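*Asks:* Got final.csv for you, CSV, C-alpha atoms:
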```csv
chain,number,residue,atom,x,y,z
A,14,MET,CA,0.0,0.0,0.0
A,15,GLU,CA,1.3,3.4,-0.9
A,16,MET,CA,1.3,5.8,2.0
A,17,ASN,CA,-0.5,9.1,1.8
A,18,PRO,CA,2.2,11.8,1.3
A,19,ARG,CA,0.3,14.2,3.6
A,20,ILE,CA,0.7,11.6,6.4
A,21,ILE,CA,4.4,11.0,5.6
A,22,LYS,CA,5.0,14.8,5.7
A,23,ASN,CA,4.3,14.9,9.4
A,24,ILE,CA,6.3,11.8,10.4
A,25,ARG,CA,9.5,12.4,12.3
A,26,LYS,CA,12.4,10.9,10.3
A,27,VAL,CA,15.9,10.3,11.5
A,28,ASP,CA,18.8,8.2,10.3
A,29,PRO,CA,18.9,5.4,12.9
A,30,TYR,CA,21.9,4.1,14.8
A,31,VAL,CA,23.2,0.9,13.3
A,32,PRO,CA,24.3,-1.5,16.0
A,33,GLY,CA,26.9,-4.3,15.6
A,34,GLU,CA,25.7,-7.6,14.4
A,35,GLN,CA,24.3,-10.0,17.0
A,36,PRO,CA,24.6,-13.4,15.4
A,37,GLN,CA,22.4,-16.1,16.8
A,38,HIS,CA,24.8,-19.0,16.3
A,39,ARG,CA,28.0,-19.6,18.2
A,40,VAL,CA,30.8,-17.3,17.1
A,41,ILE,CA,33.9,-15.5,18.3
A,42,LYS,CA,32.2,-12.2,19.0
A,43,LEU,CA,34.6,-9.3,18.9
A,44,ASN,CA,32.3,-6.7,17.3
A,45,THR,CA,30.3,-4.9,20.0
A,46,ASN,CA,32.8,-4.4,22.9
A,47,GLU,CA,31.0,-6.7,25.3
A,48,ASN,CA,32.9,-8.1,28.2
A,49,PRO,CA,34.0,-11.7,27.6
A,50,TYR,CA,33.7,-12.7,31.3
A,51,PRO,CA,30.5,-13.3,33.3
A,52,PRO,CA,29.2,-10.7,35.8
A,53,ALA,CA,30.1,-10.8,39.4
A,54,PRO,CA,29.0,-13.9,41.3
A,55,GLY,CA,26.6,-11.8,43.4
A,56,VAL,CA,24.6,-11.1,40.2
A,57,GLU,CA,23.8,-14.8,39.8
A,58,ARG,CA,22.9,-15.1,43.4
A,59,ALA,CA,20.5,-12.1,43.1
A,60,LEU,CA,18.8,-13.8,40.2
A,61,ARG,CA,18.3,-17.0,42.2
A,62,GLU,CA,17.0,-15.2,45.3
A,63,ILE,CA,14.8,-12.5,43.7
A,64,ASP,CA,11.2,-12.5,45.0
A,65,THR,CA,9.2,-13.0,41.8
A,66,ASP,CA,6.0,-11.9,43.6
A,67,ARG,CA,7.3,-8.4,43.5
A,68,PHE,CA,7.1,-8.5,39.7
A,69,ARG,CA,3.4,-7.6,40.0
A,70,LEU,CA,4.5,-4.3,41.6
A,71,TYR,CA,6.1,-1.3,39.9
A,72,PRO,CA,9.8,-1.0,40.6
A,73,ASP,CA,11.2,1.8,42.7
A,74,PRO,CA,11.2,4.8,40.3
A,75,SER,CA,14.3,6.2,42.0
A,76,ALA,CA,16.2,2.9,41.9
A,77,ASN,CA,17.3,3.9,45.4
A,78,VAL,CA,19.2,0.7,46.3
A,79,LEU,CA,21.3,0.9,43.1
A,80,VAL,CA,21.8,4.6,43.4
A,81,SER,CA,22.9,4.2,47.0
A,82,ALA,CA,25.4,1.5,46.0
A,83,LEU,CA,26.8,3.7,43.2
A,84,ALA,CA,27.0,6.7,45.5
A,85,GLU,CA,29.0,4.7,48.1
A,86,HIS,CA,31.3,3.3,45.4
A,87,TYR,CA,32.2,6.8,44.0
A,88,GLY,CA,32.2,8.6,47.3
A,89,VAL,CA,29.4,11.0,46.4
A,90,SER,CA,25.9,11.6,47.8
A,91,THR,CA,22.8,9.8,46.5
A,92,ASP,CA,21.4,13.1,45.1
A,93,GLN,CA,24.5,13.2,42.8
A,94,VAL,CA,23.6,10.0,40.9
A,95,PHE,CA,21.0,9.3,38.2
A,96,ALA,CA,20.3,5.8,37.0
A,97,GLY,CA,18.9,4.8,33.6
A,98,VAL,CA,18.3,1.9,31.2
A,99,GLY,CA,21.8,1.8,29.8
A,100,SER,CA,24.0,4.8,29.2
A,101,ASP,CA,22.1,5.3,26.0
A,102,ASP,CA,19.0,6.1,28.0
A,103,VAL,CA,21.0,8.4,30.3
A,104,LEU,CA,22.6,10.3,27.4
A,105,SER,CA,19.4,10.6,25.6
A,106,MET,CA,17.8,12.1,28.7
A,107,CYS,CA,20.7,14.5,29.0
A,108,PHE,CA,20.3,15.7,25.4
A,109,LEU,CA,16.6,16.3,26.0
A,110,THR,CA,17.1,18.1,29.3
A,111,PHE,CA,20.2,20.3,28.8
A,112,PHE,CA,20.6,21.1,25.1
A,113,ASN,CA,17.8,23.6,24.5
A,114,SER,CA,19.5,26.9,23.7
A,115,GLY,CA,19.1,26.6,19.9
A,116,LYS,CA,22.9,26.9,19.5
A,117,PRO,CA,24.8,23.9,18.0
A,118,ILE,CA,26.2,21.4,20.4
A,119,LEU,CA,29.7,20.1,19.7
A,120,PHE,CA,31.0,16.5,19.5
A,121,PRO,CA,33.8,14.9,17.4
A,122,ASP,CA,33.2,13.9,13.7
A,123,ILE,CA,34.4,10.3,14.5
A,124,THR,CA,32.8,9.1,17.7
A,125,TYR,CA,29.7,7.2,19.0
A,126,SER,CA,27.2,7.7,16.1
A,127,PHE,CA,24.2,7.7,18.5
A,128,TYR,CA,25.1,11.4,19.3
A,129,LYS,CA,23.9,12.5,15.9
A,130,VAL,CA,20.7,10.3,16.2
A,131,TRP,CA,19.7,12.0,19.5
A,132,ALA,CA,20.5,15.4,18.2
A,133,GLU,CA,18.4,14.9,15.1
A,134,LEU,CA,15.6,13.2,17.0
A,135,TYR,CA,15.3,16.1,19.4
A,136,ARG,CA,15.9,18.8,16.7
A,137,ILE,CA,19.1,19.9,18.4
A,138,PRO,CA,21.6,21.6,16.0
A,139,TYR,CA,25.1,20.2,16.1
A,140,GLU,CA,28.6,20.6,14.7
A,141,CYS,CA,31.3,18.0,14.6
A,142,PRO,CA,34.8,19.3,14.9
A,143,LYS,CA,37.2,17.0,13.1
A,144,LEU,CA,39.7,14.8,14.9
A,145,ASP,CA,43.2,15.5,13.9
A,146,GLU,CA,45.2,13.2,11.6
A,147,ASN,CA,46.0,11.0,14.6
A,148,PHE,CA,42.4,10.7,15.5
A,149,ARG,CA,42.8,12.9,18.5
A,150,ILE,CA,40.3,15.6,19.7
A,151,VAL,CA,41.6,19.1,19.1
A,152,LYS,CA,40.5,20.8,22.4
A,153,GLU,CA,40.8,24.3,20.9
A,154,ASP,CA,37.9,23.4,18.6
A,155,TYR,CA,35.7,23.4,21.7
A,156,TYR,CA,36.5,26.9,22.9
A,157,ARG,CA,33.9,28.6,20.7
A,158,GLU,CA,30.3,29.5,21.5
A,159,ASN,CA,28.0,26.5,21.5
A,160,GLY,CA,24.9,25.0,23.1
A,161,GLY,CA,26.7,22.1,24.9
A,162,VAL,CA,29.6,19.7,24.5
A,163,ILE,CA,30.0,16.0,24.6
A,164,VAL,CA,33.5,14.6,25.2
A,165,PRO,CA,33.8,10.8,24.8
A,166,ASN,CA,36.8,9.6,26.8
A,167,PRO,CA,38.1,7.1,25.8
A,168,ASN,CA,36.6,7.8,22.4
A,169,ALA,CA,35.0,5.2,20.2
A,170,PRO,CA,35.8,3.7,17.8
A,171,THR,CA,39.4,5.1,18.1
A,172,ALA,CA,40.0,3.8,21.7
A,173,ILE,CA,42.0,7.0,22.5
A,174,TYR,CA,42.0,8.2,26.1
A,175,GLU,CA,42.8,11.9,26.9
A,176,GLU,CA,44.4,12.7,30.3
A,177,LEU,CA,42.2,14.3,32.9
A,178,GLY,CA,43.9,17.7,32.5
A,179,PHE,CA,42.9,17.7,28.8
A,180,VAL,CA,39.3,17.0,29.6
A,181,GLU,CA,39.3,19.6,32.4
A,182,ASP,CA,40.5,22.3,30.0
A,183,ILE,CA,37.5,21.7,27.7
A,184,ILE,CA,35.1,21.9,30.7
A,185,ALA,CA,36.8,25.1,32.0
A,186,HIS,CA,36.4,26.8,28.6
A,187,ASN,CA,32.7,26.1,28.5
A,188,PRO,CA,31.3,27.4,31.8
A,189,ASP,CA,28.0,28.5,30.5
A,190,VAL,CA,26.8,25.2,29.0
A,191,VAL,CA,26.6,21.6,30.2
A,192,VAL,CA,29.6,19.4,29.3
A,193,ILE,CA,28.9,15.7,29.2
A,194,VAL,CA,31.9,13.4,29.5
A,195,ASP,CA,30.9,10.0,28.2
A,196,GLU,CA,33.1,7.4,30.0
A,197,ALA,CA,31.8,4.1,28.8
A,198,TYR,CA,35.3,2.7,28.6
A,199,ILE,CA,37.0,4.6,31.5
A,200,ASP,CA,37.6,1.5,33.6
A,201,PHE,CA,40.2,0.3,31.1
A,202,ALA,CA,41.9,3.6,30.7
A,203,GLY,CA,42.8,6.0,33.5
A,204,ARG,CA,41.5,8.8,35.8
A,205,SER,CA,37.8,9.6,35.5
A,206,ALA,CA,36.2,13.1,35.3
A,207,VAL,CA,34.2,12.1,38.4
A,208,GLU,CA,37.1,13.7,40.2
A,209,LEU,CA,36.0,17.1,38.8
A,210,ILE,CA,32.4,17.0,39.8
A,211,ASP,CA,32.7,19.2,42.8
A,212,ARG,CA,34.8,21.7,40.9
A,213,TYR,CA,32.5,22.4,37.9
A,214,ASP,CA,28.8,23.0,38.1
A,215,ASN,CA,28.4,22.3,34.4
A,216,LEU,CA,29.8,18.8,34.3
A,217,ILE,CA,27.9,15.5,33.9
A,218,VAL,CA,29.9,12.2,33.8
A,219,VAL,CA,28.1,9.2,32.2
A,220,GLN,CA,29.1,5.6,32.7
A,221,THR,CA,27.7,2.1,32.0
A,222,PHE,CA,27.5,-1.4,33.2
A,223,SER,CA,27.8,-2.8,29.7
A,224,LYS,CA,31.6,-2.9,29.5
A,225,ALA,CA,33.7,-3.4,32.6
A,226,ARG,CA,30.8,-4.8,34.6
A,227,SER,CA,29.7,-7.5,32.0
A,228,MET,CA,26.1,-6.5,32.0
A,229,ALA,CA,25.3,-5.2,28.6
A,230,GLY,CA,22.2,-7.4,28.5
A,231,MET,CA,20.8,-5.8,31.7
A,232,ARG,CA,20.9,-2.2,30.3
A,233,ILE,CA,22.1,-0.2,33.2
A,234,GLY,CA,23.8,3.2,32.9
A,235,TYR,CA,24.2,6.2,35.2
A,236,ALA,CA,25.2,9.8,35.5
A,237,ILE,CA,27.2,11.5,38.2
A,238,SER,CA,27.0,15.3,38.7
A,239,ASN,CA,26.0,17.9,41.2
A,240,PRO,CA,22.5,17.7,42.9
A,241,ALA,CA,21.0,20.5,40.8
A,242,LEU,CA,21.7,18.9,37.4
A,243,ILE,CA,20.6,15.5,38.7
A,244,ARG,CA,17.4,17.0,39.9
A,245,TYR,CA,16.7,18.4,36.5
A,246,LEU,CA,17.3,15.0,34.9
A,247,ASN,CA,14.9,13.4,37.3
A,248,ASP,CA,12.3,16.0,36.6
A,249,VAL,CA,12.4,15.2,32.9
A,250,LYS,CA,12.4,11.5,33.5
A,251,TYR,CA,9.4,11.6,35.9
A,252,SER,CA,7.5,13.9,33.5
A,253,PHE,CA,6.9,11.0,31.1
A,254,ASN,CA,8.1,7.7,32.5
A,255,SER,CA,8.8,7.2,36.2
A,256,TYR,CA,9.4,3.4,36.1
A,257,THR,CA,12.2,3.0,33.7
A,258,MET,CA,14.4,0.4,35.4
A,259,ASN,CA,13.0,-3.0,36.2
A,260,GLN,CA,13.2,-4.9,39.5
A,261,THR,CA,15.7,-7.4,38.3
A,262,SER,CA,18.2,-4.9,36.9
A,263,ILE,CA,18.1,-2.9,40.1
A,264,ALA,CA,18.9,-6.0,42.2
A,265,CYS,CA,21.6,-7.4,39.9
A,266,GLY,CA,23.2,-4.0,39.3
A,267,THR,CA,23.5,-3.4,43.0
A,268,GLU,CA,25.3,-6.7,43.6
A,269,ALA,CA,27.7,-6.0,40.7
A,270,VAL,CA,28.7,-2.6,42.3
A,271,LYS,CA,29.3,-4.2,45.7
A,272,ASP,CA,31.9,-6.7,44.4
A,273,ARG,CA,34.8,-4.4,43.8
A,274,ALA,CA,37.4,-7.2,43.9
A,275,TYR,CA,35.8,-9.1,41.0
A,276,PHE,CA,35.4,-5.9,39.0
A,277,GLU,CA,39.0,-5.1,39.4
A,278,LYS,CA,40.2,-8.6,38.6
A,279,THR,CA,38.3,-9.0,35.3
A,280,THR,CA,39.1,-5.5,34.2
A,281,GLU,CA,42.8,-6.2,34.8
A,282,LYS,CA,42.5,-9.4,32.8
A,283,ILE,CA,41.1,-7.5,29.8
A,284,VAL,CA,43.8,-4.9,30.0
A,285,GLU,CA,46.5,-7.6,30.1
A,286,THR,CA,45.0,-9.3,27.1
A,287,ARG,CA,44.7,-6.0,25.3
A,288,GLU,CA,48.4,-5.2,25.8
A,289,TRP,CA,49.4,-8.6,24.5
A,290,ALA,CA,47.0,-8.3,21.5
A,291,LYS,CA,48.6,-5.0,20.6
A,292,GLU,CA,52.0,-6.6,20.3
A,293,GLU,CA,50.6,-9.5,18.2
A,294,LEU,CA,48.9,-7.0,15.9
A,295,ARG,CA,52.2,-5.1,15.5
A,296,LYS,CA,54.0,-8.3,14.6
A,297,LEU,CA,51.5,-8.8,11.8
A,298,GLY,CA,52.1,-5.3,10.5
A,299,PHE,CA,48.9,-3.6,11.8
A,300,GLU,CA,48.9,0.1,12.7
A,301,PHE,CA,46.6,1.6,15.4
A,302,PRO,CA,46.2,4.4,17.9
A,303,ASP,CA,47.3,3.4,21.4
A,304,SER,CA,44.2,1.7,22.8
A,305,ARG,CA,43.1,2.5,26.3
A,306,ALA,CA,39.7,0.8,26.0
A,307,ASN,CA,38.5,-2.8,25.7
A,308,PHE,CA,39.0,-2.8,21.9
A,309,ILE,CA,41.7,-1.9,19.3
A,310,PHE,CA,41.1,0.3,16.3
A,311,ALA,CA,43.5,-1.1,13.7
A,312,ARG,CA,44.4,-1.0,10.0
A,313,HIS,CA,46.8,-2.9,7.9
A,314,PRO,CA,48.7,-0.9,5.2
A,315,ARG,CA,48.7,-3.8,2.7
A,316,TYR,CA,45.3,-5.3,3.2
A,317,ASP,CA,41.8,-3.9,2.7
A,318,ALA,CA,39.8,-3.8,5.9
A,319,GLY,CA,36.6,-4.8,4.2
A,320,GLU,CA,38.3,-7.9,2.9
A,321,LEU,CA,39.7,-8.8,6.3
A,322,PHE,CA,36.3,-8.3,7.8
A,323,GLU,CA,34.7,-10.7,5.4
A,324,ILE,CA,37.5,-13.3,5.7
A,325,LEU,CA,37.1,-13.3,9.5
A,326,LYS,CA,33.3,-13.4,9.3
A,327,LYS,CA,33.4,-16.5,7.1
A,328,GLN,CA,35.3,-18.2,9.9
A,329,ASP,CA,32.7,-17.0,12.5
A,330,ILE,CA,35.0,-14.4,13.9
A,331,TYR,CA,33.1,-11.1,14.1
A,332,VAL,CA,34.8,-7.7,14.3
A,333,ARG,CA,33.4,-4.3,13.4
A,334,HIS,CA,33.9,-2.4,10.1
A,335,TRP,CA,32.4,0.9,8.9
A,336,ASP,CA,32.2,2.0,5.2
A,337,SER,CA,32.9,5.6,6.2
A,338,LYS,CA,35.5,7.7,4.4
A,339,ARG,CA,38.0,8.4,7.1
A,340,ILE,CA,37.8,5.0,8.8
A,341,ARG,CA,36.9,2.5,6.2
A,342,GLN,CA,40.4,0.9,6.3
A,343,TYR,CA,40.1,0.3,10.0
A,344,LEU,CA,38.7,-2.6,12.0
A,345,ARG,CA,37.5,-2.3,15.6
A,346,ILE,CA,38.4,-5.4,17.4
A,347,THR,CA,36.9,-6.1,20.8
A,348,VAL,CA,39.3,-7.6,23.4
A,349,GLY,CA,38.0,-11.1,24.1
A,350,THR,CA,39.5,-13.9,26.2
A,351,ARG,CA,43.1,-14.9,25.5
A,352,GLU,CA,41.8,-18.0,23.8
A,353,GLU,CA,39.4,-16.0,21.5
A,354,MET,CA,42.2,-13.6,20.6
A,355,GLU,CA,44.5,-16.5,19.8
A,356,GLN,CA,41.9,-17.8,17.3
A,357,LEU,CA,41.6,-14.4,15.8
A,358,PHE,CA,45.4,-14.2,15.3
A,359,SER,CA,45.5,-17.7,13.8
A,360,ALA,CA,42.9,-16.6,11.2
A,361,LEU,CA,44.8,-13.4,10.4
A,362,LYS,CA,48.2,-15.2,10.1
A,363,ALA,CA,46.7,-17.7,7.6
A,364,TYR,CA,45.8,-14.7,5.4
A,365,ILE,CA,48.5,-12.1,6.0
A,366,ARG,CA,51.8,-13.0,4.5
```
Could you render the structure from this file as structure tokens?
*Replies:*
Amino acid sequence: MEMNPRIIKNIRKVDPYVPGEQPQHRVIKLNTNENPYPPAPGVERALREIDTDRFRLYPDPSANVLVSALAEHYGVSTDQVFAGVGSDDVLSMCFLTFFNSGKPILFPDITYSFYKVWAELYRIPYECPKLDENFRIVKEDYYRENGGVIVPNPNAPTAIYEELGFVEDIIAHNPDVVVIVDEAYIDFAGRSAVELIDRYDNLIVVQTFSKARSMAGMRIGYAISNPALIRYLNDVKYSFNSYTMNQTSIACGTEAVKDRAYFEKTTEKIVETREWAKEELRKLGFEFPDSRANFIFARHPRYDAGELFEILKKQDIYVRHWDSKRIRQYLRITVGTREEMEQLFSALKAYIR
């Protein structure tokens, strides 16, 4: 049936975010930056012990148990923490709440592509300063007048981490707008901008359970800021959907936060595997920015990235590839277990001579 053009005219249209493939058969999955290790043992225990009778009741809209655990973990007060359904939900809420000046917001030209989707969805003008030739953010590009700033650190898909002083400089040059520091991969990198929360009233730091805490399937994200900005976020959330996080996610997320030792152990294992994998890639002739995330953004000067992607896929090894001008010769390779990475390198060595 052909749609009435008068109906189509009033439909909101956006270019959607394209997620990495989620194959349903057993593969070596190195394409969506998931954690190769299971969540903390307390998560399984929480699932076994959860009172299913409570499923007939709405969950706590404030997710207070989880928020309290996060506040204790980071040494902040509970009114400085906002919890959402994955960091995507949190970031989307931040866009809707804070970017309403009519001036363009700023974020890099090569970064998490959902930023553009949210900006277009909410009719927020935006500009994308280019990363330099080494894929680094040029901080001076963020000194100009704007309606808000998003700094991904480490950035994706480049895996580049900027030191805290670099990030602080961008925050300090934008005192009249909200600056969001998106730290999905910070646990594999270095110091977090959470350290700066009490120094800058325009700063929001967003993190996730999907990477270092092995809970991408639970969809838990959070923001840390000052009480005033968190209150504004909650006002917007409660204005249209109070019950965003389910009972199970709250219970499991709380247990994951409590087990600091397990979190540190698995994160360290990923970092160790990453550093070993970087050396193996260099031996094969790959080039890449220094990774400080749980993935490596690599190219080979003699082999087409698209061909390598297809060759690996035929062997049920999935990595990520974009057909985008500046990065089409790069593959983003998630750091899996040592065994998974060894199978990746066996496949690459059979092809690269």
*Asks:* Could you tell me which of A:Val180, A:Val190, A:Leu216, A:Ile41 comes closest to A:Val332 if we count all atoms listed in the file?
*Replies:*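 Once distances to A:Val332 are computed over all atoms listed in the file, the minimum belongs to A:Ile41.
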*Asks:* Out of A:Asn259, A:Leu361, A:Leu297, A:Asp200, which residue has the shortest atom-to-atom distance to A:Pro72 when counting all atoms listed in the file?
*Replies:*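 Smallest separation from A:Pro72 among the options: A:Asn259.
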*Asks:* Which polymer residues have any atom within 12 Å of an atom of A:Ser252, counting all atoms listed in the file, with same-chain residues fewer than 5 positions away left out, as a PyMOL selection string?
*Replies:* chain A and resi 74+106+110+245-247+257
*Asks:* Go ahead and dump the residues you just picked, C-alpha atoms, as an mmCIF file, in the coordinates of the input.
*Replies:*
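Dumped everything to selection.cif:
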```
data_model
loop_
_atom_site.group_PDB
_atom_site.id
_atom_site.type_symbol
_atom_site.label_atom_id
_atom_site.label_comp_id
_atom_site.auth_asym_id
_atom_site.auth_seq_id
_atom_site.Cartn_x
_atom_site.Cartn_y
_atom_site.Cartn_z
ATOM 1 C CA PRO A 74 11.200 4.800 40.300
ATOM 2 C CA MET A 106 17.800 12.100 28.700
ATOM 3 C CA THR A 110 17.100 18.100 29.300
ATOM 4 C CA TYR A 245 16.700 18.400 36.500
ATOM 5 C CA LEU A 246 17.300 15.000 34.900
ATOM 6 C CA ASN A 247 14.900 13.400 37.300
ATOM 7 C CA THR A 257 12.200 3.000 33.700
#
```
*Asks:* So the first atom is atom CA of A:Ile199 and the second is atom CA of A:Leu177; what is the distance between them in Å, to one decimal place?
*Replies:*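 Calculated distance between atom CA of A:Ile199 and atom CA of A:Leu177 is 11.1 Å.
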*Asks:* Give me the residues near A:Trp335 as a list of chain:residue names, where near means some atom within 12 Å (using all atoms listed in the file) and where sequence neighbours in that chain fewer than 2 positions away do not count.
*Replies:*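 In the requested format, the answer is A:Val31, A:Pro32, A:Gly33, A:Asn44, A:Ile123, A:Ser126, A:Pro170, A:Phe310, A:Ala318, A:Gly319, A:Phe322, A:Val332, A:Arg333, A:Ser337, A:Lys338, A:Arg339, A:Ile340, A:Arg341, A:Gln342, A:Tyr343, A:Leu344, A:Arg345.
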*Asks:* Put those residues in a file: C-alpha atoms, as a CSV table (one decimal), in the frame of the given file.
*Replies:*
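Contents of the output file result-v1.csv:
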```csv
chain,number,residue,atom,x,y,z
A,31,VAL,CA,23.2,0.9,13.3
A,32,PRO,CA,24.3,-1.5,16.0
A,33,GLY,CA,26.9,-4.3,15.6
A,44,ASN,CA,32.3,-6.7,17.3
A,123,ILE,CA,34.4,10.3,14.5
A,126,SER,CA,27.2,7.7,16.1
A,170,PRO,CA,35.8,3.7,17.8
A,310,PHE,CA,41.1,0.3,16.3
A,318,ALA,CA,39.8,-3.8,5.9
A,319,GLY,CA,36.6,-4.8,4.2
A,322,PHE,CA,36.3,-8.3,7.8
A,332,VAL,CA,34.8,-7.7,14.3
A,333,ARG,CA,33.4,-4.3,13.4
A,337,SER,CA,32.9,5.6,6.2
A,338,LYS,CA,35.5,7.7,4.4
A,339,ARG,CA,38.0,8.4,7.1
A,340,ILE,CA,37.8,5.0,8.8
A,341,ARG,CA,36.9,2.5,6.2
A,342,GLN,CA,40.4,0.9,6.3
A,343,TYR,CA,40.1,0.3,10.0
A,344,LEU,CA,38.7,-2.6,12.0
A,345,ARG,CA,37.5,-2.3,15.6
```
*Asks:* What gap, in Å, lies between atom CA of A:Ile346 and atom CA of A:Ile309?
*Replies:* 5.2 Å
*Asks:* Go ahead and compute the interatomic distance for atom CA of A:Glu300 and atom CA of A:Glu153, in Å to one decimal.
*Replies:* 26.8 Å
*Asks:* Would you tabulate, counting only C-alpha atoms, all residues of stretch 99-206 of chain A that have an atom at most 12 Å from an atom of stretch 46-55 of chain A, showing the closest pair of atoms and their distance in Å to one decimal, sorted by chain then ascending number, as a Markdown table?
*Replies:*
```
| residue | atom | partner | partner_atom | distance |
| --- | --- | --- | --- | --- |
| A:Ala169 | CA | A:Asn46 | CA | 10.2 |
| A:Pro170 | CA | A:Asn46 | CA | 10.0 |
| A:Ala172 | CA | A:Asn46 | CA | 11.0 |
| A:Ala197 | CA | A:Asn46 | CA | 10.4 |
| A:Tyr198 | CA | A:Asn46 | CA | 9.4 |
| A:Asp200 | CA | A:Asn48 | CA | 12.0 |
| A:Phe201 | CA | A:Asn48 | CA | 11.5 |
```
*Asks:* Can you tell me which residues surround A:Cys107 at a distance of at most 10 Å, considering only C-alpha atoms, apart from same-chain residues fewer than 6 positions away, and format the answer as a list in words?
*Replies:*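 Here the answer would be Asp101, Trp131, Val191, Ile193, Ile217, Val219, Ala236, Leu242, Ile243, Tyr245, Leu246, Val249 and Lys250 of chain A.
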*Asks:* For the residues in that selection, give me C-alpha atoms as an mmCIF file, keeping the file's coordinate frame.
*Replies:*
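To be explicit, this is the file written out as out25.cif:
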```
data_model
loop_
_atom_site.group_PDB
_atom_site.id
_atom_site.type_symbol
_atom_site.label_atom_id
_atom_site.label_comp_id
_atom_site.auth_asym_id
_atom_site.auth_seq_id
_atom_site.Cartn_x
_atom_site.Cartn_y
_atom_site.Cartn_z
ATOM 1 C CA ASP A 101 22.100 5.300 26.000
ATOM 2 C CA TRP A 131 19.700 12.000 19.500
ATOM 3 C CA VAL A 191 26.600 21.600 30.200
ATOM 4 C CA ILE A 193 28.900 15.700 29.200
ATOM 5 C CA ILE A 217 27.900 15.500 33.900
ATOM 6 C CA VAL A 219 28.100 9.200 32.200
ATOM 7 C CA ALA A 236 25.200 9.800 35.500
ATOM 8 C CA LEU A 242 21.700 18.900 37.400
ATOM 9 C CA ILE A 243 20.600 15.500 38.700
ATOM 10 C CA TYR A 245 16.700 18.400 36.500
ATOM 11 C CA LEU A 246 17.300 15.000 34.900
ATOM 12 C CA VAL A 249 12.400 15.200 32.900
ATOM 13 C CA LYS A 250 12.400 11.500 33.500
#
```
*Asks:* May I have the residues within 8 Å of stretch 282-288 of chain A as an mmCIF file with C-alpha atoms, in the frame of the given file, using only C-alpha atoms and disregarding those fewer than 6 positions away in the same chain?
*Replies:*
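Saved result, around34.cif, follows:
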```
data_model
loop_
_atom_site.group_PDB
_atom_site.id
_atom_site.type_symbol
_atom_site.label_atom_id
_atom_site.label_comp_id
_atom_site.auth_asym_id
_atom_site.auth_seq_id
_atom_site.Cartn_x
_atom_site.Cartn_y
_atom_site.Cartn_z
ATOM 1 C CA PHE A 201 40.200 0.300 31.100
ATOM 2 C CA ASN A 307 38.500 -2.800 25.700
ATOM 3 C CA PHE A 308 39.000 -2.800 21.900
ATOM 4 C CA ILE A 309 41.700 -1.900 19.300
ATOM 5 C CA VAL A 348 39.300 -7.600 23.400
ATOM 6 C CA GLY A 349 38.000 -11.100 24.100
ATOM 7 C CA THR A 350 39.500 -13.900 26.200
ATOM 8 C CA ARG A 351 43.100 -14.900 25.500
#
```
*Asks:* Write out as a list of chain:residue names the residues lying within 10 Å of A:Asp189, counting all atoms listed in the file and excluding same-chain residues fewer than 5 positions away.
*Replies:*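 Listed by chain and then number, they are A:Glu158, A:Asn159, A:Gly160, A:Gly161, A:Ile184, A:Asp214, A:Asn215.
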*Asks:* Considering all atoms listed in the file, state which residue in the set A:Tyr128, A:Tyr331, A:Phe148, A:Phe222 is at the smallest distance from A:Ala360.
*Replies:*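 Between A:Tyr128, A:Tyr331, A:Phe148, A:Phe222, the residue approaching A:Ala360 most closely is A:Tyr331.
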*Asks:* In the coordinates of the file, take the point (32.1, 13.1, 35.9) and a cut-off of 9 Å; then, counting only C-alpha atoms, name each qualifying protein, DNA or RNA residue as a list in words.
*Replies:* Ile193, Val194, Asp195, Glu196, Ser205, Ala206, Val207, Glu208, Leu209, Ile210, Leu216, Ile217, Val218, Val219, Gln220, Ala236, Ile237 and Ser238 of chain A
*Asks:* Keeping only C-alpha atoms, write the selected residues to a file as a compact mmCIF listing (two decimals), in the coordinates of the input.
*Replies:*
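The result, written out as again_2.txt:
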```txt
# COMPACT_ATOMS: atom_id res chain seq x y z
CA ILE A 193 28.90 15.70 29.20
CA VAL A 194 31.90 13.40 29.50
CA ASP A 195 30.90 10.00 28.20
CA GLU A 196 33.10 7.40 30.00
CA SER A 205 37.80 9.60 35.50
CA ALA A 206 36.20 13.10 35.30
CA VAL A 207 34.20 12.10 38.40
CA GLU A 208 37.10 13.70 40.20
CA LEU A 209 36.00 17.10 38.80
CA ILE A 210 32.40 17.00 39.80
CA LEU A 216 29.80 18.80 34.30
CA ILE A 217 27.90 15.50 33.90
CA VAL A 218 29.90 12.20 33.80
CA VAL A 219 28.10 9.20 32.20
CA GLN A 220 29.10 5.60 32.70
CA ALA A 236 25.20 9.80 35.50
CA ILE A 237 27.20 11.50 38.20
CA SER A 238 27.00 15.30 38.70
```
*Asks:* Kindly add N, CA and C atoms to the incomplete stretch 208-212 of chain A and provide the output as a JSON list (two decimals), in the coordinates of the input.
*Replies:*
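Heads up, here's the output in selection16.json:
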```json
[["chain", "number", "residue", "atom", "x", "y", "z"],
["A", 208, "GLU", "N", 36.28, 12.93, 39.29],
["A", 208, "GLU", "CA", 37.10, 13.70, 40.20],
["A", 208, "GLU", "C", 36.83, 15.21, 40.14],
["A", 209, "LEU", "N", 36.25, 15.65, 39.04],
["A", 209, "LEU", "CA", 36.00, 17.10, 38.80],
["A", 209, "LEU", "C", 34.64, 17.55, 39.14],
["A", 210, "ILE", "N", 33.77, 16.63, 39.56],
["A", 210, "ILE", "CA", 32.40, 17.00, 39.80],
["A", 210, "ILE", "C", 32.16, 18.14, 40.71],
["A", 211, "ASP", "N", 32.87, 18.15, 41.82],
["A", 211, "ASP", "CA", 32.70, 19.20, 42.80],
["A", 211, "ASP", "C", 33.33, 20.51, 42.44],
["A", 212, "ARG", "N", 34.09, 20.50, 41.35],
["A", 212, "ARG", "CA", 34.80, 21.70, 40.90],
["A", 212, "ARG", "C", 34.06, 22.48, 39.84]]
```
